[in-house]
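Novice: Sending over run.tsv (TSV, C-alpha atoms).
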```
chain	number	residue	atom	x	y	z
A	4	LEU	CA	43.71	-1.55	-18.91
A	5	VAL	CA	41.13	-0.15	-21.36
A	6	GLU	CA	42.83	1.07	-24.55
A	7	ALA	CA	40.31	3.76	-25.58
A	8	PRO	CA	37.18	5.44	-24.15
A	9	VAL	CA	35.00	3.33	-26.46
A	10	PHE	CA	32.64	0.43	-26.00
A	11	ALA	CA	30.55	-1.60	-28.43
A	12	PHE	CA	27.70	-4.08	-28.27
A	13	TYR	CA	26.97	-6.79	-30.78
A	14	LEU	CA	23.53	-8.36	-30.39
A	15	ASN	CA	22.87	-11.75	-31.96
A	16	ARG	CA	19.79	-13.84	-31.25
A	17	THR	CA	21.37	-17.05	-32.60
A	18	VAL	CA	23.55	-18.70	-29.98
A	19	GLY	CA	26.47	-20.85	-31.11
A	20	THR	CA	26.96	-19.36	-34.57
A	21	ASP	CA	30.27	-18.56	-36.22
A	22	THR	CA	30.00	-15.00	-34.93
A	23	GLY	CA	30.02	-15.90	-31.25
A	24	ALA	CA	27.81	-17.14	-28.48
A	25	GLY	CA	24.85	-14.83	-28.95
A	26	GLY	CA	26.55	-11.43	-28.77
A	27	GLU	CA	29.36	-9.54	-27.13
A	28	LEU	CA	30.38	-6.42	-25.24
A	29	VAL	CA	33.76	-4.93	-26.12
A	30	LEU	CA	35.32	-2.42	-23.73
A	31	GLY	CA	38.07	-0.16	-25.05
A	32	GLY	CA	37.41	-0.77	-28.74
A	33	VAL	CA	35.20	-2.45	-31.31
A	34	ASP	CA	35.19	-5.79	-33.12
A	35	PRO	CA	35.62	-5.10	-36.86
A	36	TYR	CA	33.85	-8.36	-37.72
A	37	HIS	CA	30.52	-6.93	-36.51
A	38	TYR	CA	30.12	-3.72	-38.51
A	39	THR	CA	30.84	-2.06	-41.82
A	40	GLY	CA	31.45	1.59	-42.61
A	41	ASP	CA	32.79	4.41	-40.52
A	42	PHE	CA	31.93	5.62	-37.04
A	43	HIS	CA	30.82	9.21	-36.59
A	44	VAL	CA	31.05	10.97	-33.25
A	45	VAL	CA	27.95	13.08	-32.58
A	46	PRO	CA	27.22	15.38	-29.63
A	47	LEU	CA	24.61	14.24	-27.14
A	48	VAL	CA	21.39	16.22	-26.81
A	49	SER	CA	20.73	14.55	-23.44
A	50	GLU	CA	23.23	12.54	-21.41
A	51	THR	CA	20.37	11.00	-19.44
A	52	TYR	CA	19.20	8.95	-22.42
A	53	TRP	CA	22.26	9.13	-24.69
A	54	ALA	CA	20.06	11.12	-27.08
A	55	PHE	CA	21.45	12.66	-30.26
A	56	HIS	CA	20.14	14.41	-33.39
A	57	PHE	CA	20.43	12.91	-36.87
A	58	GLU	CA	19.30	14.03	-40.30
A	59	ASP	CA	18.57	10.72	-41.97
A	60	PHE	CA	19.58	7.08	-42.13
A	61	THR	CA	19.84	4.45	-44.80
A	62	ILE	CA	18.90	0.82	-45.18
A	63	ASP	CA	20.78	-1.15	-47.83
A	64	GLY	CA	22.19	2.10	-49.20
A	65	LYS	CA	18.74	3.67	-49.67
A	66	THR	CA	17.84	6.81	-47.76
A	67	LEU	CA	14.50	6.82	-45.96
A	68	ASP	CA	14.07	10.63	-46.07
A	69	TYR	CA	12.20	10.47	-42.79
A	70	CYS	CA	13.70	13.60	-41.22
A	71	LYS	CA	12.90	16.09	-44.01
A	72	GLY	CA	11.29	18.58	-41.58
A	73	GLY	CA	14.41	18.90	-39.45
A	74	PRO	CA	16.66	16.71	-37.39
A	75	CYS	CA	15.27	13.58	-35.78
A	76	MET	CA	16.28	12.42	-32.34
A	77	GLY	CA	17.78	9.01	-31.72
A	78	ILE	CA	18.73	7.27	-28.51
A	79	ALA	CA	21.68	4.89	-28.23
A	80	ASP	CA	20.45	2.67	-25.41
A	81	SER	CA	22.76	-0.23	-24.68
A	82	GLY	CA	20.37	-1.45	-21.99
A	83	THR	CA	17.87	-2.88	-24.45
A	84	SER	CA	17.75	-4.55	-27.83
A	85	LEU	CA	14.31	-3.13	-28.61
A	86	LEU	CA	13.81	-0.73	-31.50
A	87	ALA	CA	11.64	2.31	-30.86
A	88	ALA	CA	10.78	4.23	-34.01
A	89	PRO	CA	7.74	5.36	-35.96
A	90	LYS	CA	5.82	2.24	-37.06
A	91	ALA	CA	6.59	2.56	-40.79
A	92	ILE	CA	10.31	3.02	-40.16
A	93	ALA	CA	10.48	0.20	-37.59
A	94	LYS	CA	8.77	-2.17	-40.06
A	95	GLN	CA	11.34	-1.36	-42.75
A	96	ILE	CA	14.28	-1.84	-40.40
A	97	ASN	CA	12.85	-5.05	-38.93
A	98	ALA	CA	12.22	-6.47	-42.40
A	99	LYS	CA	15.82	-5.79	-43.43
A	100	ILE	CA	17.37	-7.36	-40.32
A	101	GLY	CA	14.93	-10.27	-40.11
A	102	ALA	CA	13.44	-9.18	-36.79
A	103	VAL	CA	9.89	-9.60	-35.56
A	104	GLY	CA	8.08	-7.70	-32.83
A	105	VAL	CA	8.48	-8.95	-29.28
A	106	MET	CA	4.77	-9.76	-28.99
A	107	THR	CA	4.72	-11.50	-32.37
A	108	GLU	CA	7.62	-13.73	-31.36
A	109	GLU	CA	6.13	-14.48	-27.93
A	110	CYS	CA	2.72	-15.27	-29.43
A	111	ASP	CA	4.27	-17.55	-32.05
A	112	GLN	CA	6.22	-19.43	-29.37
A	113	PHE	CA	3.12	-19.70	-27.19
A	114	ILE	CA	0.94	-21.04	-30.01
A	115	GLU	CA	3.63	-23.52	-31.02
A	116	ALA	CA	3.84	-24.83	-27.45
A	117	GLU	CA	0.16	-24.67	-26.41
A	118	GLY	CA	-1.84	-24.44	-29.65
A	119	GLY	CA	-2.76	-28.13	-29.72
A	120	ALA	CA	-4.30	-28.09	-26.24
A	121	ILE	CA	-6.25	-24.91	-27.01
A	122	TYR	CA	-7.47	-26.29	-30.33
A	123	ASP	CA	-8.67	-29.52	-28.72
A	124	ILE	CA	-10.85	-27.58	-26.27
A	125	LEU	CA	-12.11	-25.06	-28.83
A	126	ILE	CA	-13.36	-27.63	-31.34
A	127	LYS	CA	-15.43	-29.51	-28.74
A	128	ASP	CA	-18.31	-27.04	-29.06
A	129	LEU	CA	-17.79	-23.86	-31.08
A	130	ASN	CA	-21.22	-22.57	-30.07
A	131	ASN	CA	-20.50	-22.84	-26.34
A	132	LEU	CA	-16.93	-21.63	-25.90
A	133	PRO	CA	-15.70	-21.15	-22.34
A	134	PRO	CA	-14.31	-17.72	-21.36
A	135	PRO	CA	-10.61	-17.46	-22.30
A	136	LYS	CA	-9.39	-17.56	-18.69
A	137	LYS	CA	-11.43	-20.71	-17.97
A	138	LEU	CA	-10.20	-22.38	-21.15
A	139	CYS	CA	-6.60	-21.71	-20.11
A	140	GLN	CA	-7.28	-23.23	-16.69
A	141	GLU	CA	-8.94	-26.27	-18.27
A	142	ALA	CA	-5.88	-26.77	-20.50
A	143	ASN	CA	-3.53	-26.28	-17.50
A	144	ILE	CA	-1.82	-23.34	-19.23
A	145	THR	CA	-0.43	-20.80	-16.78
A	146	ASN	CA	1.24	-18.46	-19.29
A	147	ALA	CA	-0.15	-14.94	-18.78
A	148	LEU	CA	-0.58	-14.52	-22.56
A	149	CYS	CA	-3.07	-17.39	-22.71
A	150	PRO	CA	-6.36	-15.51	-22.09
A	151	TYR	CA	-5.38	-12.79	-24.54
A	152	ILE	CA	-4.40	-15.19	-27.31
A	153	VAL	CA	-7.41	-17.46	-26.70
A	154	GLY	CA	-9.67	-14.41	-26.91
A	155	LEU	CA	-8.18	-13.53	-30.31
A	156	ILE	CA	-8.52	-17.12	-31.52
A	157	GLU	CA	-12.16	-17.33	-30.34
A	158	ALA	CA	-13.05	-14.03	-32.00
A	159	THR	CA	-11.50	-15.17	-35.26
A	160	MET	CA	-13.21	-18.55	-35.11
A	161	LYS	CA	-16.61	-16.97	-34.44
A	162	LYS	CA	-16.11	-14.46	-37.24
A	163	ASN	CA	-15.11	-17.15	-39.74
A	164	ALA	CA	-17.55	-19.88	-38.61
A	165	THR	CA	-20.03	-21.03	-41.20
```
Could you write out this file's structure as structure tokens?

Specialist:
Amino acid sequence: LVEAPVFAFYLNRTVGTDTGAGGELVLGGVDPYHYTGDFHVVPLVSETYWAFHFEDFTIDGKTLDYCKGGPCMGIADSGTSLLAAPKAIAKQINAKIGAVGVMTEECDQFIEAEGGAIYDILIKDLNNLPPPKKLCQEANITNALCPYIVGLIEATMKKNAT
């Protein structure tokens, strides 16, 4: 039986830590080990997206004063761990919680796994680089990010070549 009409999510990208196995869903309450402060009930602006108005928010006790022109709208979406916010605000929040953008993380993982094979092909002849898609095929890399990342690498190499 659920004790209260409350649920809470805790998202943790590090599996096997002291705080659990990557995250948790609590039905009927909250886990006090995963938050600080008080909860505030706010009315929904839209039940479709769990949207609500807010006047401001703080990071490390410092107000961001982002909503000076009136209330901002937030969405409490338990179906995703992505943060959608104006770029400047998202950067501040991500910096405080140690997060990186999804594409940044995927690109870093891709380069770590496949960078050596790409580098070996690229340095063969910088003046006669194959198209990114062909280079990916030659390196037997099937990741869909490959042509995009190789294109960025080639453009950078050409720009910085002496």

Novice: Could you check the closest approach to Ile121 in chain A for each of A:Val48, A:Ala54, A:Ile156, A:Leu148 and tell me which residue wins, using all atoms listed in the file?

Specialist: A:Ile156

Novice: Quick one: pull the distance between CA of Pro150 in chain A and CA of Glu108 in chain A, Å, one decimal.

Specialist: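 Distance between the two atoms: 16.9 Å.
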
Novice: I'd like to know which of A:Lys161, A:Gln95, A:Lys136, A:Leu30 is closest to Leu4 in chain A, using all atoms listed in the file.

Specialist: A:Leu30

Novice: Within 12 Å of range 62-74 of chain A, counting all atoms listed in the file, which residues qualify if same-chain residues fewer than 6 places away don't, as a PDB file with C-alpha atoms, in the frame of the given file?

Specialist:
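What follows is the written file out14.pdb:
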```pdb
ATOM      1  CA  THR A  39      30.840  -2.060 -41.820  1.00  0.00           C
ATOM      2  CA  GLY A  40      31.450   1.590 -42.610  1.00  0.00           C
ATOM      3  CA  VAL A  48      21.390  16.220 -26.810  1.00  0.00           C
ATOM      4  CA  PHE A  55      21.450  12.660 -30.260  1.00  0.00           C
ATOM      5  CA  HIS A  56      20.140  14.410 -33.390  1.00  0.00           C
ATOM      6  CA  ALA A  88      10.780   4.230 -34.010  1.00  0.00           C
ATOM      7  CA  PRO A  89       7.740   5.360 -35.960  1.00  0.00           C
ATOM      8  CA  LYS A  90       5.820   2.240 -37.060  1.00  0.00           C
ATOM      9  CA  ALA A  91       6.590   2.560 -40.790  1.00  0.00           C
ATOM     10  CA  ILE A  92      10.310   3.020 -40.160  1.00  0.00           C
ATOM     11  CA  ALA A  93      10.480   0.200 -37.590  1.00  0.00           C
ATOM     12  CA  LYS A  94       8.770  -2.170 -40.060  1.00  0.00           C
ATOM     13  CA  GLN A  95      11.340  -1.360 -42.750  1.00  0.00           C
ATOM     14  CA  ILE A  96      14.280  -1.840 -40.400  1.00  0.00           C
ATOM     15  CA  ASN A  97      12.850  -5.050 -38.930  1.00  0.00           C
ATOM     16  CA  ALA A  98      12.220  -6.470 -42.400  1.00  0.00           C
ATOM     17  CA  LYS A  99      15.820  -5.790 -43.430  1.00  0.00           C
ATOM     18  CA  ILE A 100      17.370  -7.360 -40.320  1.00  0.00           C
TER      19      ILE A 100
END
```

Novice: From the list A:Leu14, A:Leu132, A:Val33, A:Val5, which residue is nearest Ala102 in chain A when using all atoms listed in the file?

Specialist: A:Leu14

Novice: Would you work out the distance separating CA of Glu58 in chain A from CA of Cys75 in chain A, expressed in Å to one decimal?

Specialist: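 Spanning CA of Glu58 in chain A to CA of Cys75 in chain A is a straight-line distance of 6.1 Å.
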
Novice: Figure out the distance between CA of Tyr38 in chain A and CA of Gly101 in chain A, please, to one decimal in Å.

Specialist: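 Interatomic distance here is 16.6 Å.
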
Novice: Would you please work out which residue, of A:Pro35, A:Ala147, A:Leu138, A:Gly154, is nearest to Asp123 in chain A when using only C-alpha atoms?

Specialist: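 So, comparing all the options, the nearest one is A:Leu138.
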
Novice: With distances taken over all atoms listed in the file, which residue among A:Gly31, A:Gly26, A:Pro133, A:Gly77 lies nearest Ser49 in chain A?

Specialist: A:Gly77

Novice: Which is closer to Cys149 in chain A than all the others in A:Tyr52, A:Phe42, A:Phe10, A:Phe113, using only C-alpha atoms?

Specialist: A:Phe113
